[in-house]
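Undergrad: I am sharing query.txt, which consists of compact mmCIF, C-alpha atoms:
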```txt
# COMPACT_ATOMS: atom_id res chain seq x y z
CA MET A 27 0.00 0.00 0.00
CA ASN A 28 2.92 2.38 0.66
CA ALA A 29 4.11 1.93 -2.90
CA LEU A 30 0.59 2.56 -4.14
CA GLU A 31 0.29 5.75 -2.14
CA GLU A 32 3.64 6.97 -3.41
CA MET A 33 2.63 6.16 -6.97
CA ILE A 34 -0.52 8.26 -6.66
CA ARG A 35 1.29 11.17 -5.04
CA GLU A 36 3.80 11.17 -7.89
CA SER A 37 1.12 10.82 -10.56
CA THR A 38 1.50 13.11 -13.56
CA LEU A 39 -2.25 13.24 -14.07
CA PRO A 40 -3.60 16.79 -13.81
CA LYS A 41 -5.11 17.24 -10.37
CA ASN A 42 -8.21 18.93 -11.76
CA SER A 43 -9.12 15.87 -13.81
CA MET A 44 -11.48 13.16 -12.69
CA SER A 45 -8.72 10.63 -13.41
CA TYR A 46 -6.80 12.08 -10.47
CA GLN A 47 -9.85 12.16 -8.22
CA ILE A 48 -10.90 8.63 -9.11
CA MET A 49 -7.52 7.37 -7.94
CA ASN A 50 -8.46 8.50 -4.44
CA ARG A 51 -11.43 6.13 -4.32
CA ILE A 52 -10.65 2.66 -3.05
CA GLY A 53 -11.46 -0.14 -5.44
CA GLU A 54 -13.15 2.00 -8.06
CA ARG A 55 -10.31 2.34 -10.58
CA GLU A 56 -6.99 0.74 -11.36
CA MET A 57 -4.34 2.91 -9.77
CA THR A 58 -1.38 3.41 -12.07
CA ARG A 59 1.02 6.17 -12.89
CA THR A 60 0.45 7.19 -16.47
CA ARG A 61 2.53 9.48 -18.59
CA THR A 62 0.17 12.14 -19.90
CA SER A 63 0.51 15.59 -21.32
CA SER A 64 -1.61 18.39 -19.95
CA LYS A 65 -0.13 21.02 -22.24
CA ARG A 66 -2.87 22.72 -24.14
CA ARG A 67 -2.49 23.23 -27.85
CA PRO A 68 -4.79 25.32 -30.02
CA ASN A 69 -7.18 23.57 -32.37
CA VAL A 70 -5.78 22.97 -35.83
CA LEU A 71 -9.01 24.31 -37.30
CA LYS A 72 -11.13 27.25 -36.37
CA ARG A 73 -14.35 26.11 -34.77
CA THR A 74 -16.48 27.42 -37.63
CA ILE A 75 -14.46 25.50 -40.20
CA LEU A 76 -14.42 22.38 -38.03
CA VAL A 77 -18.17 22.36 -37.53
CA ALA A 78 -18.84 22.99 -41.21
CA SER A 79 -16.48 20.29 -42.43
CA ALA A 80 -17.63 17.79 -39.82
CA ALA A 81 -21.25 18.39 -40.70
CA ALA A 82 -20.49 17.88 -44.37
CA VAL A 83 -18.56 14.68 -43.80
CA LEU A 84 -20.71 13.18 -41.08
CA GLY A 85 -24.09 14.16 -42.47
CA GLY A 86 -26.60 11.37 -43.03
CA SER A 87 -26.33 11.46 -46.81
CA VAL A 88 -22.56 11.04 -46.71
CA ILE A 89 -22.66 8.18 -44.21
CA GLY A 90 -25.48 6.55 -46.10
CA SER A 91 -23.56 6.57 -49.36
CA GLY A 92 -20.41 5.25 -47.72
CA PHE A 93 -18.26 7.74 -49.64
CA VAL A 94 -15.54 9.82 -48.03
CA SER A 95 -13.10 11.65 -50.26
CA PRO A 96 -9.39 11.84 -49.34
CA VAL A 97 -9.82 15.55 -48.60
CA MET A 98 -12.72 14.84 -46.26
CA ALA A 99 -10.79 12.05 -44.59
CA ALA A 100 -7.83 14.34 -44.05
CA THR A 101 -10.16 16.92 -42.52
CA LEU A 102 -11.63 14.27 -40.25
CA LYS A 103 -8.18 13.53 -38.89
CA GLN A 104 -8.18 17.01 -37.42
CA ILE A 105 -11.44 16.54 -35.54
CA PRO A 106 -10.49 16.23 -31.84
CA VAL A 107 -11.51 12.61 -31.30
CA LEU A 108 -9.13 11.46 -34.02
CA GLY A 109 -6.41 13.97 -33.34
CA VAL A 110 -6.02 13.02 -29.67
CA LEU A 111 -6.76 9.30 -29.67
CA PHE A 112 -5.66 7.98 -33.00
CA GLU A 113 -2.97 10.22 -34.38
CA GLY A 114 -1.63 8.86 -37.66
CA THR A 115 -4.75 6.89 -38.50
CA SER A 116 -4.87 6.32 -42.26
CA GLU A 117 -7.53 7.76 -44.55
CA ASP A 118 -8.82 4.25 -45.25
CA ALA A 119 -9.20 3.64 -41.53
CA VAL A 120 -11.11 6.89 -41.07
CA LYS A 121 -13.42 5.95 -43.93
CA ALA A 122 -13.96 2.46 -42.52
CA ALA A 123 -14.68 3.86 -39.05
CA ILE A 124 -17.41 6.10 -40.44
CA GLU A 125 -18.92 3.42 -42.67
CA GLN A 126 -19.05 0.92 -39.80
CA GLY A 127 -20.63 3.41 -37.40
CA ILE A 128 -17.56 3.43 -35.15
CA LEU A 129 -16.99 7.18 -35.44
CA SER A 130 -19.68 9.86 -35.46
CA GLU A 131 -20.38 13.43 -34.41
CA PRO A 132 -23.82 13.44 -32.73
CA ASN A 133 -23.82 17.25 -32.52
CA LEU A 134 -26.34 17.19 -29.65
CA SER A 135 -26.48 20.13 -27.23
CA VAL A 136 -28.37 20.96 -24.04
CA THR A 137 -28.50 24.32 -22.24
CA HIS A 138 -29.38 24.87 -18.58
CA ASP A 139 -29.01 28.12 -16.64
CA GLY A 140 -26.76 29.71 -19.26
CA VAL A 141 -24.40 26.72 -19.57
CA THR A 142 -24.37 24.63 -22.75
CA LEU A 143 -22.92 21.14 -23.10
CA LYS A 144 -22.52 19.49 -26.50
CA VAL A 145 -21.64 15.90 -27.42
CA ALA A 146 -19.10 16.71 -30.11
CA ASP A 147 -17.52 13.35 -30.96
CA LEU A 148 -18.38 9.73 -30.23
CA LEU A 149 -16.39 6.58 -30.84
CA TYR A 150 -17.19 2.94 -30.09
CA ASP A 151 -15.39 0.01 -31.70
CA GLY A 152 -16.26 -2.80 -29.31
CA THR A 153 -13.17 -2.22 -27.21
CA ARG A 154 -13.36 1.45 -26.34
CA LEU A 155 -16.21 3.89 -25.76
CA SER A 156 -15.12 7.51 -25.97
CA PHE A 157 -16.79 10.87 -26.35
CA ILE A 158 -16.08 14.57 -25.91
CA LEU A 159 -18.30 17.11 -24.17
CA GLU A 160 -17.80 20.72 -25.21
CA ARG A 161 -18.80 23.48 -22.78
CA GLU A 162 -20.03 27.00 -23.48
CA GLY A 163 -21.31 29.82 -21.30
CA VAL A 164 -18.64 29.93 -18.60
CA ASP A 165 -15.03 31.06 -18.53
CA LEU A 166 -13.01 28.79 -16.27
CA PRO A 167 -9.37 27.63 -16.49
CA SER A 168 -10.44 23.98 -16.66
CA THR A 169 -13.50 21.90 -17.46
CA ALA A 170 -13.46 19.00 -15.00
CA SER A 171 -14.73 19.63 -11.50
CA PRO A 172 -11.82 20.07 -9.06
CA TYR A 173 -14.06 19.21 -6.11
CA PHE A 174 -14.24 15.89 -4.30
CA SER A 175 -17.66 14.37 -3.83
CA GLU A 176 -19.08 14.14 -0.34
CA ASP A 177 -18.76 10.33 -0.30
CA ALA A 178 -15.16 10.24 -1.57
CA LYS A 179 -12.75 7.99 0.31
CA PHE A 180 -9.02 8.61 0.44
CA ILE A 181 -6.02 6.36 0.82
CA SER A 182 -3.80 9.39 1.35
CA ASN A 183 -4.13 11.90 4.19
CA PRO A 184 -7.73 13.22 4.18
CA ASP A 185 -6.60 16.19 6.27
CA SER A 186 -3.99 17.38 3.76
CA GLU A 187 -4.26 20.95 2.50
CA TYR A 188 -4.93 19.74 -1.03
CA VAL A 189 -7.84 17.52 0.02
CA LYS A 190 -9.28 20.27 2.22
CA SER A 191 -9.09 22.80 -0.62
CA ARG A 192 -11.06 20.45 -2.88
CA THR A 193 -13.69 19.46 -0.31
CA VAL A 194 -16.19 22.27 -0.78
CA ALA A 195 -19.91 22.33 -0.03
CA LYS A 196 -22.02 22.27 -3.19
CA GLU A 197 -23.52 25.69 -2.51
CA ASP A 198 -20.02 27.19 -2.30
CA GLN A 199 -18.59 25.61 -5.46
CA GLU A 200 -17.86 27.76 -8.48
CA LYS A 201 -20.39 27.47 -11.28
CA GLY A 202 -19.63 25.65 -14.51
CA TYR A 203 -17.43 22.62 -13.78
CA ILE A 204 -18.44 19.26 -15.25
CA GLU A 205 -18.75 16.42 -12.75
CA MET A 206 -18.09 12.80 -13.71
CA PRO A 207 -20.95 11.78 -16.04
CA ARG A 208 -23.23 8.81 -15.55
CA ILE A 209 -23.33 6.50 -18.58
CA LEU A 210 -26.16 4.12 -19.44
CA VAL A 211 -26.67 1.62 -22.25
CA ASP A 212 -30.29 0.80 -23.05
CA GLY A 213 -31.24 2.28 -19.69
CA GLN A 214 -28.74 0.26 -17.64
CA GLU A 215 -25.74 1.92 -16.02
CA VAL A 216 -22.45 0.78 -17.53
CA ALA A 217 -20.16 -1.17 -15.22
CA MET A 218 -16.77 0.39 -15.85
CA GLY A 219 -13.56 -1.58 -15.62
CA GLU A 220 -11.16 1.26 -16.36
CA GLY A 221 -11.67 4.77 -17.62
CA ASN A 222 -10.36 8.28 -18.03
CA PHE A 223 -12.48 11.31 -17.22
CA GLY A 224 -11.31 14.90 -17.32
CA ASP A 225 -10.00 17.87 -19.23
CA TYR A 226 -9.31 17.26 -22.91
CA PRO A 227 -5.71 18.52 -23.20
CA LYS A 228 -5.80 19.73 -26.81
CA GLN A 229 -8.92 21.87 -26.62
CA ASP A 230 -10.20 24.48 -24.21
CA ASN A 231 -13.64 23.98 -22.65
CA ALA A 232 -13.73 20.30 -23.57
CA TYR A 233 -14.14 17.23 -21.35
CA ILE A 234 -13.25 13.72 -22.48
CA VAL A 235 -14.62 10.38 -21.36
CA GLU A 236 -12.91 7.18 -22.39
CA LEU A 237 -13.97 3.75 -21.13
CA THR A 238 -11.82 0.69 -21.74
CA LYS A 239 -11.67 -2.82 -20.32
CA GLY A 240 -14.66 -4.75 -19.14
CA LEU A 241 -17.04 -3.30 -21.72
CA ASN A 242 -19.60 -5.86 -22.78
CA LEU A 243 -21.92 -3.87 -25.01
CA PRO A 244 -24.10 -4.93 -27.94
CA ASP A 245 -23.49 -3.79 -31.51
CA GLN A 246 -26.62 -1.65 -31.42
CA PHE A 247 -27.82 0.31 -28.39
CA GLU A 248 -29.02 3.65 -27.07
CA LEU A 249 -26.29 5.49 -25.18
CA THR A 250 -27.47 7.85 -22.45
CA ILE A 251 -25.07 10.43 -21.05
CA GLN A 252 -26.10 12.23 -17.86
CA ALA A 253 -23.80 15.04 -16.77
CA ASN A 254 -24.10 17.48 -13.90
CA VAL A 255 -22.48 20.90 -13.75
CA THR A 256 -21.60 22.66 -10.51
CA GLN A 257 -24.19 25.26 -9.42
CA VAL A 258 -26.65 24.11 -12.12
CA ASN A 259 -29.66 22.25 -10.76
CA GLU A 260 -30.78 20.42 -13.92
CA THR A 261 -28.98 17.37 -15.30
CA PHE A 262 -27.67 17.56 -18.86
CA GLU A 263 -28.95 14.41 -20.59
CA PHE A 264 -28.12 13.15 -24.07
CA LYS A 265 -29.47 10.08 -25.86
CA VAL A 266 -27.33 8.86 -28.75
CA PRO A 267 -28.15 5.86 -30.96
CA VAL A 268 -25.12 3.64 -31.62
CA ASN A 269 -25.09 1.07 -34.41
CA VAL A 270 -21.76 -0.58 -35.21
CA THR A 271 -21.11 -3.20 -37.88
CA ASN A 272 -17.92 -5.28 -38.11
CA LYS A 273 -16.43 -3.77 -34.97
CA SER A 274 -13.15 -5.65 -35.09
CA VAL A 275 -11.28 -8.74 -36.17
CA VAL A 276 -11.01 -10.98 -33.10
CA VAL A 277 -8.20 -13.52 -32.99
CA LYS A 278 -8.12 -16.12 -30.21
CA PRO A 279 -5.01 -18.18 -30.92
CA GLU A 280 -4.65 -21.73 -29.65
CA GLN A 281 -1.56 -22.69 -27.63
CA ALA A 282 -0.01 -19.23 -28.01
CA THR A 283 2.46 -19.55 -25.13
CA LYS A 284 6.14 -18.60 -24.89
CA SER A 285 8.51 -19.45 -22.03
CA ASP A 286 12.01 -18.48 -20.94
CA GLY A 287 13.19 -19.96 -17.66
CA GLN A 288 10.56 -19.37 -14.99
CA PHE A 289 8.68 -16.73 -16.99
CA SER A 290 5.94 -17.48 -19.50
CA TYR A 291 3.00 -15.71 -21.11
CA THR A 292 -0.06 -16.82 -23.05
CA VAL A 293 -1.89 -14.66 -25.58
CA LYS A 294 -5.64 -14.93 -25.03
CA GLN A 295 -6.99 -12.49 -27.59
CA LEU A 296 -6.01 -9.95 -30.23
CA ASP A 297 -8.62 -7.45 -31.47
CA ILE A 298 -8.02 -5.36 -34.59
CA SER A 299 -10.39 -2.52 -35.54
CA PRO A 300 -9.92 0.49 -37.83
CA VAL A 301 -9.14 2.67 -34.82
CA SER A 302 -7.36 0.47 -32.27
CA THR A 303 -5.56 -2.78 -31.55
CA ARG A 304 -6.15 -4.67 -28.31
CA LEU A 305 -3.89 -7.28 -26.72
CA VAL A 306 -5.06 -9.60 -23.94
CA LEU A 307 -2.62 -11.99 -22.27
CA ASP A 308 -1.70 -13.65 -18.99
CA SER A 309 1.85 -13.98 -17.68
CA LYS A 310 3.40 -15.76 -14.72
CA GLY A 311 6.81 -16.35 -13.26
CA GLU A 312 9.85 -14.32 -12.29
CA VAL A 313 10.88 -11.70 -14.84
CA PRO A 314 14.14 -12.48 -16.70
CA ALA A 315 16.99 -10.07 -15.83
CA SER A 316 19.95 -9.01 -17.95
CA ALA A 317 23.50 -8.42 -16.70
CA GLU A 318 22.70 -4.70 -16.38
CA GLN A 319 19.68 -5.49 -14.22
CA THR A 320 21.55 -6.70 -11.13
CA GLY A 321 22.91 -5.12 -7.95
CA ASP A 322 21.53 -1.58 -7.64
CA TYR A 323 19.33 -2.12 -10.69
CA SER A 324 16.60 -4.58 -11.53
CA ALA A 325 14.19 -5.50 -14.30
CA SER A 326 10.77 -3.93 -14.46
CA MET A 327 7.62 -5.88 -15.22
CA VAL A 328 7.48 -7.24 -18.76
CA TYR A 329 6.01 -4.86 -21.34
CA TYR A 330 4.87 -5.83 -24.81
CA GLU A 331 5.58 -4.13 -28.13
CA LEU A 332 3.39 -4.89 -31.14
CA VAL A 333 4.73 -4.84 -34.70
CA ASP A 334 2.67 -5.47 -37.85
CA ASP A 335 3.78 -7.53 -40.84
CA GLN A 336 5.21 -4.40 -42.49
CA GLY A 337 7.48 -3.61 -39.55
CA ASN A 338 5.34 -0.77 -38.18
CA VAL A 339 5.39 -0.44 -34.39
CA LEU A 340 1.97 0.05 -32.78
CA ASN A 341 2.16 2.53 -29.91
CA PRO A 342 0.42 1.77 -26.61
CA ARG A 343 -2.50 3.97 -25.61
CA LYS A 344 -0.68 4.71 -22.36
CA PHE A 345 2.54 3.63 -20.68
CA GLU A 346 2.46 2.77 -17.00
CA TYR A 347 5.14 2.71 -14.30
CA PHE A 348 5.00 0.97 -10.94
CA ASN A 349 7.03 1.89 -7.86
CA SER A 350 7.49 -1.71 -6.80
CA LYS A 351 9.11 -4.96 -7.80
CA PRO A 352 7.31 -6.93 -10.52
CA GLU A 353 4.57 -9.32 -9.51
CA THR A 354 4.78 -12.97 -10.56
CA GLU A 355 1.39 -12.91 -12.28
CA TYR A 356 -0.19 -10.32 -14.57
CA HIS A 357 -3.33 -10.03 -16.64
CA ILE A 358 -2.66 -7.59 -19.46
CA ASP A 359 -5.52 -5.95 -21.36
CA GLN A 360 -3.97 -3.12 -23.33
CA LEU A 361 -4.87 -0.85 -26.24
CA PHE A 362 -2.47 0.10 -29.03
CA SER A 363 -2.66 2.34 -32.08
CA PRO A 364 -4.42 0.91 -35.15
CA VAL A 365 -2.77 -1.08 -37.90
CA ASN A 366 -3.42 -0.13 -41.51
CA GLY A 367 -5.88 -2.65 -42.94
CA THR A 368 -5.90 -6.23 -41.74
CA PRO A 369 -2.33 -7.52 -41.44
CA LYS A 370 -1.25 -11.07 -42.16
CA SER A 371 0.29 -11.26 -38.71
CA ILE A 372 1.20 -9.32 -35.56
CA THR A 373 4.50 -9.89 -33.77
CA ILE A 374 4.69 -9.49 -30.00
CA LYS A 375 8.09 -8.36 -28.70
CA PRO A 376 8.34 -8.51 -24.89
CA PHE A 377 10.81 -6.18 -23.18
CA THR A 378 11.73 -4.83 -19.77
CA LEU A 379 13.02 -1.51 -18.48
CA THR A 380 15.96 -1.11 -16.12
CA VAL A 381 14.92 0.32 -12.75
CA ASN A 382 17.04 1.93 -10.02
CA ASN A 383 16.13 0.09 -6.82
CA LYS A 384 16.68 3.17 -4.63
CA ASP A 385 14.13 5.53 -6.15
CA TRP A 386 12.33 3.46 -8.82
CA SER A 387 13.63 5.75 -11.55
CA VAL A 388 13.88 4.23 -15.02
CA VAL A 389 17.17 4.28 -16.93
CA GLY A 390 16.81 6.32 -20.12
CA GLN A 391 13.38 7.72 -19.31
CA GLY A 392 12.83 11.22 -20.63
CA LYS A 393 10.52 13.49 -22.55
CA ASP A 394 10.72 11.42 -25.72
CA SER A 395 11.48 8.01 -24.25
CA ASN A 396 9.75 5.62 -21.88
CA GLY A 397 13.16 4.24 -20.99
CA ASP A 398 15.89 1.99 -22.39
CA LYS A 399 14.34 -1.28 -23.51
CA THR A 400 15.86 -4.72 -22.98
CA TYR A 401 14.15 -6.99 -25.51
CA LEU A 402 13.52 -10.61 -24.54
CA LYS A 403 14.11 -12.18 -27.95
CA ASP A 404 13.44 -15.74 -26.79
CA LEU A 405 9.93 -14.66 -25.85
CA GLU A 406 8.96 -13.10 -29.20
CA MET A 407 5.80 -14.50 -30.77
CA THR A 408 4.07 -13.99 -34.12
CA ILE A 409 0.28 -14.33 -34.21
CA PRO A 410 -1.28 -15.09 -37.63
CA VAL A 411 -4.26 -12.85 -38.34
CA GLN A 412 -5.24 -13.75 -41.89
CA PRO A 413 -5.62 -17.43 -42.86
```
Just give me the structure of the file as structure tokens.
TA:
Amino acid sequence: MNALEEMIRESTLPKNSMSYQIMNRIGEREMTRTRTSSKRRPNVLKRTILVASAAAVLGGSVIGSGFVSPVMAATLKQIPVLGVLFEGTSEDAVKAAIEQGILSEPNLSVTHDGVTLKVADLLYDGTRLSFILEREGVDLPSTASPYFSEDAKFISNPDSEYVKSRTVAKEDQEKGYIEMPRILVDGQEVAMGEGNFGDYPKQDNAYIVELTKGLNLPDQFELTIQANVTQVNETFEFKVPVNVTNKSVVVKPEQATKSDGQFSYTVKQLDISPVSTRLVLDSKGEVPASAEQTGDYSASMVYYELVDDQGNVLNPRKFEYFNSKPETEYHIDQLFSPVNGTPKSITIKPFTLTVNNKDWSVVGQGKDSNGDKTYLKDLEMTIPVQP
């Protein structure tokens, strides 16, 4: 628990995001330290141009015909949901995502007491449910509520100055912050395995929700989003129809196990959609260590790099660090960037990082690097995708 507390205190998540607040609730979210960027960057398109182009591309007639020109696809890449989540997604993948109902712009808005919320972008591919709420009518430095709920539980010191400053009676809270939304599918609240809630870093007055892991949703459903805003009595409610076809290619290989000494891992599932790649595996055993990972240094947990049949590396959705020695058993359920088309195969390249035992720092970690990788070549595995 001490390591867990230290990990949360050192988290790079912005403290005004719900991701940070959720980590203070026991048992409600996985607690990991994630490298994120909170630096705001201006939109690549003016809002008027963005709305006009999005409406043209995502209008019913365009979706119905299944036609998206290269120019339109390139424009779509600059819409926030693609720009932040799937940077580098090909034009063909964008087109496929629209045709299959994976990506849409509902363009629904609700106004209460001078505050307007709009569902700007929505994505669901069977693995991930993500949407962006845009806010108008208030001028605040952030979008996500910085306040802790009255029933929040803390594993850190509840009497700390930070906690006290964020524990504010509802009637004294500043107006206009978005609280963590409630999400329902066909009228039933979604049981969330892991999720991110909070300020959308590349756009002012925007709040992002991304749910991953544990989603067990049908191909067609009505999504209900219920959001509350501080000092606004009414709930902002949106109902969005979702209809997805051919969500992803699902590969469940038989006897996909690799071993090296005491360590082994088994690939359970590989999902490939136009907008993401998902790897599910189980590992057990002591992590192999190199000559450099002895004495004052040790091996981290085993990470997994994915490479398609053209040699392209698929980047993980997030990269996590743990201030503790590796466990002997892990269940990995991780998202990676999409592959172009359907590859013939995906190669899994396990690796470790080298960790300083004194302070858990990672050798080689920096702004542009997660750390120096030690590849475990004897554990590499290639999974056929196409027959």
Undergrad: For Phe289 (chain A), find every residue with an atom within 9 Å (counting all atoms listed in the file), except residues of its own chain fewer than 2 positions away, and show them as a ChimeraX atom specification.
TA: /A:284-287,291,309-314,354
Undergrad: Provide the CA of Lys265 (chain A) to CA of Gly202 (chain A) distance in Å, to one decimal place.
TA: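 For CA of Lys265 (chain A) relative to CA of Gly202 (chain A), the distance reads 21.6 Å.
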Undergrad: Please build the interface table for region 246-322 of chain A against region 186-200 of chain A with a cut-off of 12 Å, listing for each qualifying residue the nearest atom pair and the distance in Å to one decimal; count only C-alpha atoms, order rows by chain and increasing number, and write it as a Markdown table.
TA:
```
| residue | atom | partner | partner_atom | distance |
| --- | --- | --- | --- | --- |
| A:Asn254 | CA | A:Lys196 | CA | 11.9 |
| A:Val255 | CA | A:Glu200 | CA | 9.8 |
| A:Thr256 | CA | A:Gln199 | CA | 6.6 |
| A:Gln257 | CA | A:Gln199 | CA | 6.9 |
| A:Val258 | CA | A:Glu200 | CA | 10.2 |
| A:Asn259 | CA | A:Lys196 | CA | 10.8 |
```
Undergrad: Can you tell me how far CA of Leu148 (chain A) sits from CA of Thr169 (chain A), in Å to one decimal?
TA: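 CA of Leu148 (chain A) sits 18.3 Å away from CA of Thr169 (chain A).
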Undergrad: Using all atoms listed in the file, can you tell me which of A:Ile158, A:Val365, A:Leu166, A:Val136 comes closest to Glu260 (chain A)?
TA: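 Among A:Ile158, A:Val365, A:Leu166, A:Val136, it is A:Val136 that comes nearest to Glu260 (chain A).
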Undergrad: Please identify all polymer residues within 8 Å of Leu159 (chain A), counting all atoms listed in the file, omitting same-chain residues fewer than 2 positions from it, and present them as a compact mmCIF listing (two decimals) with C-alpha atoms, in the frame of the given file.
TA:
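The file below, out_7.txt, is the result:
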```txt
# COMPACT_ATOMS: atom_id res chain seq x y z
CA LEU A 143 -22.92 21.14 -23.10
CA LYS A 144 -22.52 19.49 -26.50
CA VAL A 145 -21.64 15.90 -27.42
CA ALA A 146 -19.10 16.71 -30.11
CA ASP A 147 -17.52 13.35 -30.96
CA PHE A 157 -16.79 10.87 -26.35
CA ARG A 161 -18.80 23.48 -22.78
CA ALA A 232 -13.73 20.30 -23.57
CA TYR A 233 -14.14 17.23 -21.35
CA ILE A 234 -13.25 13.72 -22.48
```
Undergrad: Figure out the distance between CA of Ile372 (chain A) and CA of Lys399 (chain A), please, to one decimal in Å.
TA: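 Distance reported for this atom pair: 19.6 Å.
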Undergrad: Restricting the calculation to all atoms listed in the file: of A:Asp322, A:Asp297, A:Asp334, A:Glu117, which residue gets closest to Trp386 (chain A)?
TA: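 Nearest to Trp386 (chain A): A:Asp322.
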Undergrad: Leaving out Pro207 (chain A) and any residue of its chain fewer than 4 positions from it, which residues lie within 9 Å of it when counting only C-alpha atoms, given as number ranges by chain?
TA: A: 223, 235, 251-254
Undergrad: I need the residues from that last selection saved to file as a PDB file, in the frame of the given file (with C-alpha atoms), if you can.
TA:
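Wrote it out as out06.pdb, contents follow:
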```pdb
ATOM      1  CA  PHE A 223     -12.480  11.310 -17.220  1.00  0.00           C
ATOM      2  CA  VAL A 235     -14.620  10.380 -21.360  1.00  0.00           C
ATOM      3  CA  ILE A 251     -25.070  10.430 -21.050  1.00  0.00           C
ATOM      4  CA  GLN A 252     -26.100  12.230 -17.860  1.00  0.00           C
ATOM      5  CA  ALA A 253     -23.800  15.040 -16.770  1.00  0.00           C
ATOM      6  CA  ASN A 254     -24.100  17.480 -13.900  1.00  0.00           C
TER       7      ASN A 254
END
```
Undergrad: Skip region 405-412 of chain A itself and residues of its chain fewer than 2 positions away, then list as an MDAnalysis selection string all residues within 12 Å of it, counting only C-alpha atoms.
TA: chainID A and resid 274:298 305 309 313:314 328:335 365 367:378 400:403
Undergrad: Which residue gives the smallest distance to Asn242 (chain A) among A:Asn222, A:Thr153, A:Thr142, A:Ser387, with only C-alpha atoms counted?
TA: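 Between A:Asn222, A:Thr153, A:Thr142, A:Ser387, the residue approaching Asn242 (chain A) most closely is A:Thr153.
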Undergrad: Which one is closest to Thr250 (chain A): A:Glu160, A:Asp212, A:Glu353, A:Glu205? Count only C-alpha atoms.
TA: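 Using only C-alpha atoms, the shortest distance to Thr250 (chain A) belongs to A:Asp212.
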Undergrad: Which one of A:Leu134, A:Ile124, A:Leu210, A:Val381 sits closest to Phe348 (chain A) if you count all atoms listed in the file?
TA: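 Counting all atoms listed in the file, the residue closest to Phe348 (chain A) is A:Val381.
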